[in-house]
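The file run.txt contains compact mmCIF, C-alpha atoms:
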```
# COMPACT_ATOMS: atom_id res chain seq x y z
CA MET A 4 -14.13 1.40 -15.43
CA LYS A 5 -13.55 -1.36 -12.91
CA LYS A 6 -11.20 -4.15 -13.91
CA ASN A 7 -12.10 -7.79 -13.42
CA LYS A 8 -9.90 -10.29 -11.62
CA GLU A 9 -7.99 -11.46 -14.68
CA GLU A 10 -7.31 -7.89 -15.73
CA LEU A 11 -6.10 -7.06 -12.22
CA ILE A 12 -3.69 -10.00 -12.32
CA GLN A 13 -2.20 -8.76 -15.60
CA ILE A 14 -1.92 -5.19 -14.32
CA SER A 15 -0.18 -6.43 -11.17
CA LYS A 16 2.46 -8.12 -13.32
CA GLN A 17 3.17 -4.82 -15.06
CA ILE A 18 3.36 -3.07 -11.69
CA ARG A 19 5.84 -5.64 -10.39
CA LYS A 20 7.96 -5.25 -13.53
CA ASP A 21 7.94 -1.49 -13.08
CA ILE A 22 9.09 -1.85 -9.48
CA VAL A 23 12.01 -4.10 -10.40
CA GLU A 24 13.09 -1.93 -13.34
CA MET A 25 12.83 1.30 -11.35
CA LEU A 26 14.93 -0.03 -8.51
CA THR A 27 17.51 -1.52 -10.85
CA GLU A 28 17.91 1.83 -12.60
CA SER A 29 18.13 3.78 -9.33
CA ALA A 30 20.32 1.15 -7.61
CA SER A 31 18.40 2.05 -4.47
CA GLY A 32 15.01 1.49 -2.88
CA HIS A 33 12.72 -1.04 -1.25
CA PRO A 34 11.54 -3.99 -3.38
CA GLY A 35 10.38 -6.46 -0.70
CA GLY A 36 7.52 -4.48 0.78
CA SER A 37 6.58 -2.94 -2.55
CA LEU A 38 6.07 -6.37 -4.09
CA SER A 39 4.21 -7.79 -1.09
CA ALA A 40 1.58 -5.02 -1.22
CA THR A 41 1.21 -4.93 -5.02
CA ASP A 42 -2.00 -6.95 -5.26
CA ILE A 43 -3.70 -4.88 -2.54
CA VAL A 44 -2.85 -1.50 -4.04
CA THR A 45 -3.54 -2.64 -7.61
CA THR A 46 -7.04 -3.72 -6.58
CA LEU A 47 -7.73 -0.41 -4.88
CA TYR A 48 -6.60 1.77 -7.78
CA PHE A 49 -8.03 -0.26 -10.64
CA ASN A 50 -11.24 -1.55 -9.11
CA GLU A 51 -12.28 0.44 -6.07
CA LEU A 52 -11.07 4.01 -5.57
CA ASN A 53 -13.32 6.83 -6.72
CA ILE A 54 -10.62 9.09 -8.20
CA ASN A 55 -10.28 11.33 -11.23
CA THR A 56 -6.96 11.70 -13.07
CA GLU A 57 -8.22 14.96 -14.59
CA ASN A 58 -9.00 16.39 -11.16
CA PRO A 59 -6.65 14.79 -8.60
CA LYS A 60 -7.78 17.15 -5.82
CA ASP A 61 -11.51 16.54 -6.23
CA GLU A 62 -12.88 17.08 -2.71
CA ASN A 63 -15.26 14.13 -3.12
CA ARG A 64 -12.57 11.64 -4.15
CA ASP A 65 -11.61 8.62 -2.10
CA ARG A 66 -8.31 9.03 -0.26
CA PHE A 67 -5.34 6.67 -0.15
CA VAL A 68 -2.47 6.85 2.31
CA LEU A 69 0.63 4.68 1.91
CA SER A 70 1.59 4.73 5.57
CA LYS A 71 4.58 2.48 4.81
CA GLY A 72 6.03 5.21 2.60
CA HIS A 73 9.19 3.31 1.68
CA ALA A 74 7.00 1.25 -0.68
CA ALA A 75 6.84 4.38 -2.87
CA PRO A 76 7.89 2.50 -6.07
CA LEU A 77 4.61 0.60 -5.88
CA LEU A 78 2.57 3.78 -5.50
CA TYR A 79 4.44 5.53 -8.31
CA SER A 80 3.87 2.66 -10.72
CA VAL A 81 0.16 2.40 -9.87
CA LEU A 82 -0.34 6.16 -10.28
CA ALA A 83 1.45 6.16 -13.63
CA ARG A 84 -0.42 3.14 -14.97
CA ARG A 85 -3.69 4.66 -13.71
CA GLY A 86 -3.00 7.78 -15.79
CA PHE A 87 -1.81 10.43 -13.32
CA PHE A 88 1.50 10.89 -15.16
CA ASP A 89 3.55 9.38 -18.00
CA PRO A 90 4.99 5.94 -17.12
CA LYS A 91 8.21 7.01 -18.85
CA GLU A 92 8.91 9.12 -15.76
CA LEU A 93 9.14 6.01 -13.57
CA ILE A 94 12.74 5.46 -14.59
CA THR A 95 13.71 8.70 -12.79
CA LEU A 96 13.11 7.15 -9.35
CA ARG A 97 15.40 8.66 -6.69
CA LYS A 98 17.34 10.75 -9.19
CA ILE A 99 18.22 14.37 -8.40
CA GLY A 100 15.42 16.67 -9.54
CA SER A 101 12.94 13.82 -10.00
CA ARG A 102 9.38 14.06 -8.68
CA LEU A 103 9.75 10.42 -7.66
CA GLN A 104 11.88 10.44 -4.55
CA GLY A 105 12.39 7.66 -2.00
CA HIS A 106 9.17 8.52 -0.20
CA PRO A 107 5.94 10.00 -1.62
CA ASN A 108 5.61 13.80 -1.67
CA MET A 109 2.10 15.17 -2.11
CA ASN A 110 3.51 18.54 -3.20
CA ASP A 111 5.39 17.08 -6.16
CA LEU A 112 3.24 14.43 -7.79
CA PRO A 113 -0.49 14.39 -8.68
CA GLY A 114 -2.53 11.65 -7.09
CA ILE A 115 -0.63 11.50 -3.81
CA ASP A 116 -2.92 12.35 -0.90
CA MET A 117 -0.30 12.34 1.87
CA SER A 118 3.47 12.64 2.14
CA THR A 119 4.71 9.64 4.11
CA GLY A 120 7.97 8.10 5.19
CA SER A 121 8.18 8.52 8.96
CA LEU A 122 6.60 5.23 9.94
CA GLY A 123 3.45 5.40 12.04
CA GLN A 124 2.39 8.87 10.96
CA GLY A 125 0.44 7.96 7.82
CA THR A 126 -2.23 6.21 9.84
CA SER A 127 -2.89 9.35 11.86
CA ALA A 128 -3.29 11.31 8.62
CA ALA A 129 -5.77 8.72 7.33
CA VAL A 130 -7.77 8.99 10.55
CA GLY A 131 -7.85 12.77 10.16
CA MET A 132 -9.10 12.47 6.59
CA ALA A 133 -11.81 10.02 7.62
CA LEU A 134 -12.89 12.22 10.54
CA ALA A 135 -13.03 15.25 8.25
CA GLY A 136 -15.25 13.27 5.90
CA LYS A 137 -17.66 12.54 8.72
CA ILE A 138 -17.71 16.15 9.93
CA ASP A 139 -18.23 17.49 6.40
CA LYS A 140 -20.85 14.81 5.67
CA LYS A 141 -18.93 13.58 2.64
CA ASN A 142 -19.32 10.10 1.19
CA TYR A 143 -15.70 9.49 0.33
CA ARG A 144 -13.79 6.61 1.86
CA VAL A 145 -10.23 6.52 3.16
CA TYR A 146 -7.86 3.60 2.64
CA ALA A 147 -4.44 3.14 4.22
CA VAL A 148 -1.74 0.50 3.81
CA LEU A 149 0.37 -0.20 6.89
CA GLY A 150 3.48 -2.32 7.27
CA ASP A 151 3.49 -5.03 9.92
CA GLY A 152 6.80 -3.77 11.30
CA GLU A 153 5.24 -0.32 11.36
CA LEU A 154 2.83 -1.60 14.01
CA GLU A 155 5.75 -1.34 16.44
CA GLU A 156 5.23 2.44 16.38
CA GLY A 157 3.14 3.72 19.29
CA GLN A 158 1.49 6.40 17.19
CA ILE A 159 -0.26 3.65 15.21
CA TRP A 160 -2.19 2.63 18.31
CA GLU A 161 -3.10 6.19 19.27
CA ALA A 162 -4.58 6.62 15.80
CA THR A 163 -6.29 3.23 16.01
CA MET A 164 -7.91 4.17 19.32
CA SER A 165 -9.10 7.50 17.89
CA ALA A 166 -10.60 5.87 14.80
CA ALA A 167 -12.66 3.49 16.92
CA HIS A 168 -13.71 6.24 19.32
CA TYR A 169 -15.11 8.35 16.48
CA LYS A 170 -16.69 5.32 14.78
CA LEU A 171 -14.90 5.95 11.49
CA ASP A 172 -16.56 3.29 9.38
CA ASN A 173 -15.36 5.19 6.29
CA LEU A 174 -11.79 4.11 7.10
CA THR A 175 -10.20 0.83 6.02
CA ALA A 176 -6.63 -0.11 6.91
CA PHE A 177 -4.78 -2.89 5.11
CA ILE A 178 -1.98 -4.44 7.14
CA ASP A 179 0.71 -5.87 4.86
CA PHE A 180 1.58 -8.84 7.07
CA ASN A 181 4.66 -10.29 5.36
CA GLY A 182 6.40 -11.06 8.64
CA LEU A 183 9.71 -9.35 7.85
CA GLN A 184 11.23 -5.92 8.38
CA ILE A 185 14.67 -4.48 7.71
CA ASP A 186 16.18 -6.12 10.81
CA GLY A 187 14.55 -9.51 10.29
CA ASP A 188 11.52 -11.40 11.58
CA ILE A 189 9.04 -8.98 13.15
CA THR A 190 8.40 -11.39 16.03
CA GLU A 191 12.09 -11.19 16.98
CA VAL A 192 12.51 -7.44 16.53
CA MET A 193 9.43 -6.28 18.46
CA ASN A 194 6.56 -8.75 18.24
CA PRO A 195 3.24 -7.03 17.35
CA SER A 196 1.25 -10.28 17.32
CA PRO A 197 -1.54 -11.18 17.68
CA ILE A 198 -2.37 -8.37 15.26
CA ASP A 199 -6.02 -9.32 14.84
CA LYS A 200 -6.70 -9.44 18.58
CA LYS A 201 -5.01 -6.07 19.11
CA PHE A 202 -7.18 -4.32 16.52
CA GLU A 203 -10.28 -6.02 17.91
CA ALA A 204 -9.34 -4.87 21.43
CA PHE A 205 -9.02 -1.31 20.12
CA GLY A 206 -12.57 -1.51 18.76
CA TRP A 207 -12.03 -2.30 15.07
CA ASN A 208 -13.81 -4.70 12.76
CA VAL A 209 -11.19 -7.23 11.64
CA ILE A 210 -10.97 -9.32 8.47
CA ILE A 211 -8.10 -11.74 7.75
CA ILE A 212 -7.27 -12.62 4.13
CA ASP A 213 -4.63 -13.86 1.72
CA GLY A 214 -3.21 -10.59 0.44
CA HIS A 215 -2.41 -12.11 -2.94
CA ASN A 216 -5.85 -13.59 -3.57
CA TYR A 217 -7.93 -11.14 -5.59
CA ASP A 218 -11.24 -12.76 -4.71
CA GLU A 219 -10.47 -12.36 -1.02
CA ILE A 220 -9.22 -8.79 -1.42
CA LEU A 221 -12.34 -7.74 -3.35
CA SER A 222 -14.66 -9.50 -0.89
CA ALA A 223 -12.93 -7.89 2.11
CA ILE A 224 -13.29 -4.41 0.61
CA GLU A 225 -17.03 -4.95 0.14
CA LYS A 226 -17.42 -6.25 3.69
CA ALA A 227 -15.58 -3.20 5.03
CA LYS A 228 -17.81 -0.83 3.05
CA ASN A 229 -20.93 -2.51 4.41
CA HIS A 230 -19.78 -2.63 8.03
CA LYS A 231 -21.18 0.25 10.08
CA GLY A 232 -20.03 1.87 13.31
CA GLN A 233 -16.41 0.70 13.27
CA PRO A 234 -13.30 1.17 11.14
CA THR A 235 -12.07 -2.03 9.49
CA ALA A 236 -8.61 -3.58 9.58
CA ILE A 237 -7.93 -6.05 6.78
CA ILE A 238 -4.97 -8.17 7.84
CA CYS A 239 -3.35 -9.41 4.66
CA ASN A 240 -1.10 -12.44 4.86
CA THR A 241 1.52 -11.67 2.22
CA ILE A 242 4.94 -12.74 0.99
CA LYS A 243 7.82 -10.29 1.11
CA GLY A 244 9.19 -9.89 -2.42
CA LYS A 245 6.18 -11.68 -3.95
CA GLY A 246 6.71 -12.70 -7.59
CA VAL A 247 10.51 -12.83 -7.56
CA SER A 248 11.84 -16.16 -6.29
CA TYR A 249 15.14 -14.97 -4.87
CA MET A 250 13.43 -12.09 -3.02
CA GLU A 251 10.52 -14.02 -1.52
CA ASN A 252 10.60 -14.26 2.28
CA GLN A 253 14.10 -12.75 2.41
CA ALA A 254 14.57 -9.83 4.80
CA CYS A 255 17.76 -8.83 2.97
CA TRP A 256 15.57 -7.60 0.09
CA HIS A 257 13.73 -5.13 2.28
CA GLY A 258 15.91 -2.27 1.08
CA ALA A 259 18.30 -3.61 -1.56
CA ALA A 260 18.10 -3.04 -5.32
CA PRO A 261 18.70 -5.80 -7.90
CA ASN A 262 21.55 -5.59 -10.40
CA GLN A 263 21.01 -5.98 -14.15
CA GLU A 264 21.34 -9.76 -14.11
CA GLN A 265 18.96 -10.10 -11.18
CA CYS A 266 16.56 -7.71 -12.88
CA GLY A 267 16.45 -9.91 -15.98
CA ILE A 268 15.69 -12.99 -13.91
CA ALA A 269 12.94 -11.15 -12.03
CA LEU A 270 11.27 -9.88 -15.20
CA MET A 271 11.20 -13.40 -16.66
CA GLU A 272 9.70 -14.85 -13.50
CA ILE A 273 7.00 -12.17 -13.25
CA GLY A 274 5.99 -12.76 -16.87
CA GLY A 275 2.79 -11.29 -18.26
CA ASP A 276 1.81 -9.91 -21.63
CA ASN A 277 3.18 -6.38 -21.24
```
Final structure tokens representation of the file:
Amino acid sequence: MKKNKEELIQISKQIRKDIVEMLTESASGHPGGSLSATDIVTTLYFNELNINTENPKDENRDRFVLSKGHAAPLLYSVLARRGFFDPKELITLRKIGSRLQGHPNMNDLPGIDMSTGSLGQGTSAAVGMALAGKIDKKNYRVYAVLGDGELEEGQIWEATMSAAHYKLDNLTAFIDFNGLQIDGDITEVMNPSPIDKKFEAFGWNVIIIDGHNYDEILSAIEKAKNHKGQPTAIICNTIKGKGVSYMENQACWHGAAPNQEQCGIALMEIGGDN
């Protein structure tokens, strides 16, 4: 059953709490980019994706690829809260023997459609899934979440060119445009801007939104579904570390875990009923 906007907001607070608690327990991981993409991925899993927790490999299911695989804590939390596995397992993040390692592994955990971690490669996998859907005359859709720093990878643009060439209008890519990567401002590391003009030049339909505004996220998804003949890139203006004041817009929180005191502050700031 699809969740409404207010329900999505509450779920996103639980997801953000999970992310902070998981990383605090593991003392390792990537909070910044997990928190910036939370509202996007929450909307997909709780309002849009045609998936079945009882049959995770249903050939007619929608596919989701977290191309920026280091945001695995976000994906793990969403899958657990969606019902693919017990949320109690979240606390095992990055521990030896855990199914929840630093990057998603499709062979270990139900609900994961593609193992990712090597930046740039997830997009190619998503293109392959979308192309297969066209060839097999399936109605499923494919969604991918890309990091803005990830756009510095050349393989992204090979995949982007292929998607336009084959008119993969069953493919939607969300670009988590938070402006920061592990080494700092993306424009200073290897500037991928203007992102919208690049995707347009490669033959994509482009939509620009606030990646934390649920009305805009939901509207963009519908526009992408109704657009024919081209894949769609939804460029989401986001805030790195969204929801935790001391993490917001701070590149140093790309791959650093909070301590217990910082965790407590974060949980209070996120709030919510759960």
Please identify all polymer residues within 6 Å of range 119-127 of chain A, counting only C-alpha atoms, omitting same-chain residues fewer than 3 positions from it, and present them as a list of chain:residue names.
->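 The filter keeps A:Ser70, A:Gly72, A:His106, A:Pro107, A:Val130, A:Glu153, A:Glu156, A:Gln158, A:Ile159, A:Ala162.
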Polymer residues at most 6 Å from (17.6, -11.7, 9.4) by all atoms listed in the file, as a ChimeraX atom specification = /A:186-187,254
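The shell of residues at most 12 Å from Glu9 in chain A, with all atoms listed in the file counted and near chain neighbours (fewer than 2 positions) removed, consists of A:Lys5, A:Lys6, A:Asn7, A:Leu11, A:Ile12, A:Gln13, A:Ile14, A:Ser15, A:Lys16, A:Thr46, A:Phe49, A:Asn50, A:Asn216, A:Tyr217, A:Asp218, A:Gly275.
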Tell me, as a list in words, which residues lie within 6 Å of range 22-32 of chain A, counting all atoms listed in the file; anything in the same chain fewer than 4 positions away does not count.
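In the requested format, the answer is Pro76, Ile94, Gly258, Ala260, Pro261 and Asn262 of chain A.
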I'd like the contact shell of Leu78 in chain A - 8 Å cut-off, only C-alpha atoms, skipping same-chain residues fewer than 4 positions apart - returned as a ChimeraX atom specification. /A:44,69,74,82
Give the padded box for range 29-44 of chain A as AutoDock Vina command-line options: axis-aligned, covering all atoms listed in the file, 6 Å on each side, centre and edge lengths in Å to one decimal.
```
--center_x 8.3 --center_y -2.0 --center_z -4.3 --size_x 36.0 --size_y 23.6 --size_z 22.1
```
Report as a Markdown table: every residue of range 148-173 of chain A with an atom at most 12 Å from range 33-43 of chain A, its closest pair of atoms, and their distance in Å to one decimal, counting only C-alpha atoms, with rows sorted by chain and ascending residue number.
```
| residue | atom | partner | partner_atom | distance |
| --- | --- | --- | --- | --- |
| A:Val148 | CA | A:Ala40 | CA | 8.2 |
| A:Leu149 | CA | A:Ala40 | CA | 9.5 |
| A:Gly150 | CA | A:Gly36 | CA | 7.9 |
| A:Asp151 | CA | A:Gly36 | CA | 10.0 |
| A:Gly152 | CA | A:Gly36 | CA | 10.6 |
| A:Glu153 | CA | A:Gly36 | CA | 11.6 |
```
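CA of Asp188 in chain A is found 22.8 Å from CA of Ile210 in chain A.
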### Task
Using only C-alpha atoms, determine which residues lie at most 8 Å from Thr241 in chain A, disregarding the query and same-chain residues fewer than 2 positions distant; provide the list as an MDAnalysis selection string.
chainID A and resid 39:40 179:181 213:215 239 243 245
Restricting to all atoms listed in the file, whichever of A:Ala129, A:Cys266, A:Leu103, A:Ala167 is closest to His73 in chain A is A:Leu103
Could N, CA and C atoms be built for range 92-119 of chain A and written out as an mmCIF file, keeping the file's coordinate frame?
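Once everything was written out, this is result23.cif:
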```
data_model
loop_
_atom_site.group_PDB
_atom_site.id
_atom_site.type_symbol
_atom_site.label_atom_id
_atom_site.label_comp_id
_atom_site.auth_asym_id
_atom_site.auth_seq_id
_atom_site.Cartn_x
_atom_site.Cartn_y
_atom_site.Cartn_z
ATOM 1 N N GLU A 92 8.271 8.407 -16.865
ATOM 2 C CA GLU A 92 8.910 9.120 -15.760
ATOM 3 C C GLU A 92 9.340 8.175 -14.642
ATOM 4 N N LEU A 93 8.828 6.953 -14.640
ATOM 5 C CA LEU A 93 9.140 6.010 -13.570
ATOM 6 C C LEU A 93 10.640 5.752 -13.455
ATOM 7 N N ILE A 94 11.316 5.791 -14.563
ATOM 8 C CA ILE A 94 12.740 5.460 -14.590
ATOM 9 C C ILE A 94 13.579 6.518 -13.867
ATOM 10 N N THR A 95 12.968 7.637 -13.477
ATOM 11 C CA THR A 95 13.710 8.700 -12.790
ATOM 12 C C THR A 95 13.715 8.518 -11.273
ATOM 13 N N LEU A 96 13.183 7.394 -10.791
ATOM 14 C CA LEU A 96 13.110 7.150 -9.350
ATOM 15 C C LEU A 96 14.410 7.493 -8.633
ATOM 16 N N ARG A 97 14.302 8.310 -7.598
ATOM 17 C CA ARG A 97 15.400 8.660 -6.690
ATOM 18 C C ARG A 97 16.530 9.453 -7.353
ATOM 19 N N LYS A 98 16.323 9.925 -8.543
ATOM 20 C CA LYS A 98 17.340 10.750 -9.190
ATOM 21 C C LYS A 98 17.177 12.218 -8.767
ATOM 22 N N ILE A 99 18.263 12.962 -8.775
ATOM 23 C CA ILE A 99 18.220 14.370 -8.400
ATOM 24 C C ILE A 99 17.277 15.122 -9.339
ATOM 25 N N GLY A 100 16.373 15.892 -8.763
ATOM 26 C CA GLY A 100 15.420 16.670 -9.540
ATOM 27 C C GLY A 100 14.170 15.919 -9.930
ATOM 28 N N SER A 101 14.118 14.623 -9.655
ATOM 29 C CA SER A 101 12.940 13.820 -10.000
ATOM 30 C C SER A 101 11.793 14.101 -9.039
ATOM 31 N N ARG A 102 10.565 13.961 -9.543
ATOM 32 C CA ARG A 102 9.380 14.060 -8.680
ATOM 33 C C ARG A 102 9.171 12.764 -7.898
ATOM 34 N N LEU A 103 9.922 11.741 -8.256
ATOM 35 C CA LEU A 103 9.750 10.420 -7.660
ATOM 36 C C LEU A 103 10.918 10.134 -6.720
ATOM 37 N N GLN A 104 10.821 10.662 -5.520
ATOM 38 C CA GLN A 104 11.880 10.440 -4.550
ATOM 39 C C GLN A 104 11.612 9.175 -3.721
ATOM 40 N N GLY A 105 12.464 8.914 -2.749
ATOM 41 C CA GLY A 105 12.390 7.660 -2.000
ATOM 42 C C GLY A 105 11.136 7.465 -1.196
ATOM 43 N N HIS A 106 10.453 8.580 -0.889
ATOM 44 C CA HIS A 106 9.170 8.520 -0.200
ATOM 45 C C HIS A 106 8.208 9.478 -0.893
ATOM 46 N N PRO A 107 6.913 9.195 -0.873
ATOM 47 C CA PRO A 107 5.940 10.000 -1.620
ATOM 48 C C PRO A 107 5.816 11.434 -1.097
ATOM 49 N N ASN A 108 5.767 12.386 -2.021
ATOM 50 C CA ASN A 108 5.610 13.800 -1.670
ATOM 51 C C ASN A 108 4.371 14.350 -2.353
ATOM 52 N N MET A 109 3.374 14.694 -1.565
ATOM 53 C CA MET A 109 2.100 15.170 -2.110
ATOM 54 C C MET A 109 2.229 16.513 -2.821
ATOM 55 N N ASN A 110 3.313 17.236 -2.572
ATOM 56 C CA ASN A 110 3.510 18.540 -3.200
ATOM 57 C C ASN A 110 4.141 18.429 -4.592
ATOM 58 N N ASP A 111 4.663 17.248 -4.910
ATOM 59 C CA ASP A 111 5.390 17.080 -6.160
ATOM 60 C C ASP A 111 4.619 16.325 -7.237
ATOM 61 N N LEU A 112 3.811 15.368 -6.823
ATOM 62 C CA LEU A 112 3.240 14.430 -7.790
ATOM 63 C C LEU A 112 1.724 14.365 -7.657
ATOM 64 N N PRO A 113 0.974 14.497 -8.752
ATOM 65 C CA PRO A 113 -0.490 14.390 -8.680
ATOM 66 C C PRO A 113 -0.926 12.994 -8.286
ATOM 67 N N GLY A 114 -1.980 12.933 -7.503
ATOM 68 C CA GLY A 114 -2.530 11.650 -7.090
ATOM 69 C C GLY A 114 -2.094 11.202 -5.711
ATOM 70 N N ILE A 115 -1.082 11.859 -5.147
ATOM 71 C CA ILE A 115 -0.630 11.500 -3.810
ATOM 72 C C ILE A 115 -1.396 12.331 -2.784
ATOM 73 N N ASP A 116 -2.086 11.656 -1.879
ATOM 74 C CA ASP A 116 -2.920 12.350 -0.900
ATOM 75 C C ASP A 116 -2.169 12.717 0.376
ATOM 76 N N MET A 117 -1.038 12.035 0.647
ATOM 77 C CA MET A 117 -0.300 12.340 1.870
ATOM 78 C C MET A 117 1.169 11.986 1.705
ATOM 79 N N SER A 118 2.042 12.916 2.092
ATOM 80 C CA SER A 118 3.470 12.640 2.140
ATOM 81 C C SER A 118 3.737 11.699 3.313
ATOM 82 N N THR A 119 4.443 10.606 3.045
ATOM 83 C CA THR A 119 4.710 9.640 4.110
ATOM 84 C C THR A 119 6.158 9.182 4.056
#
```
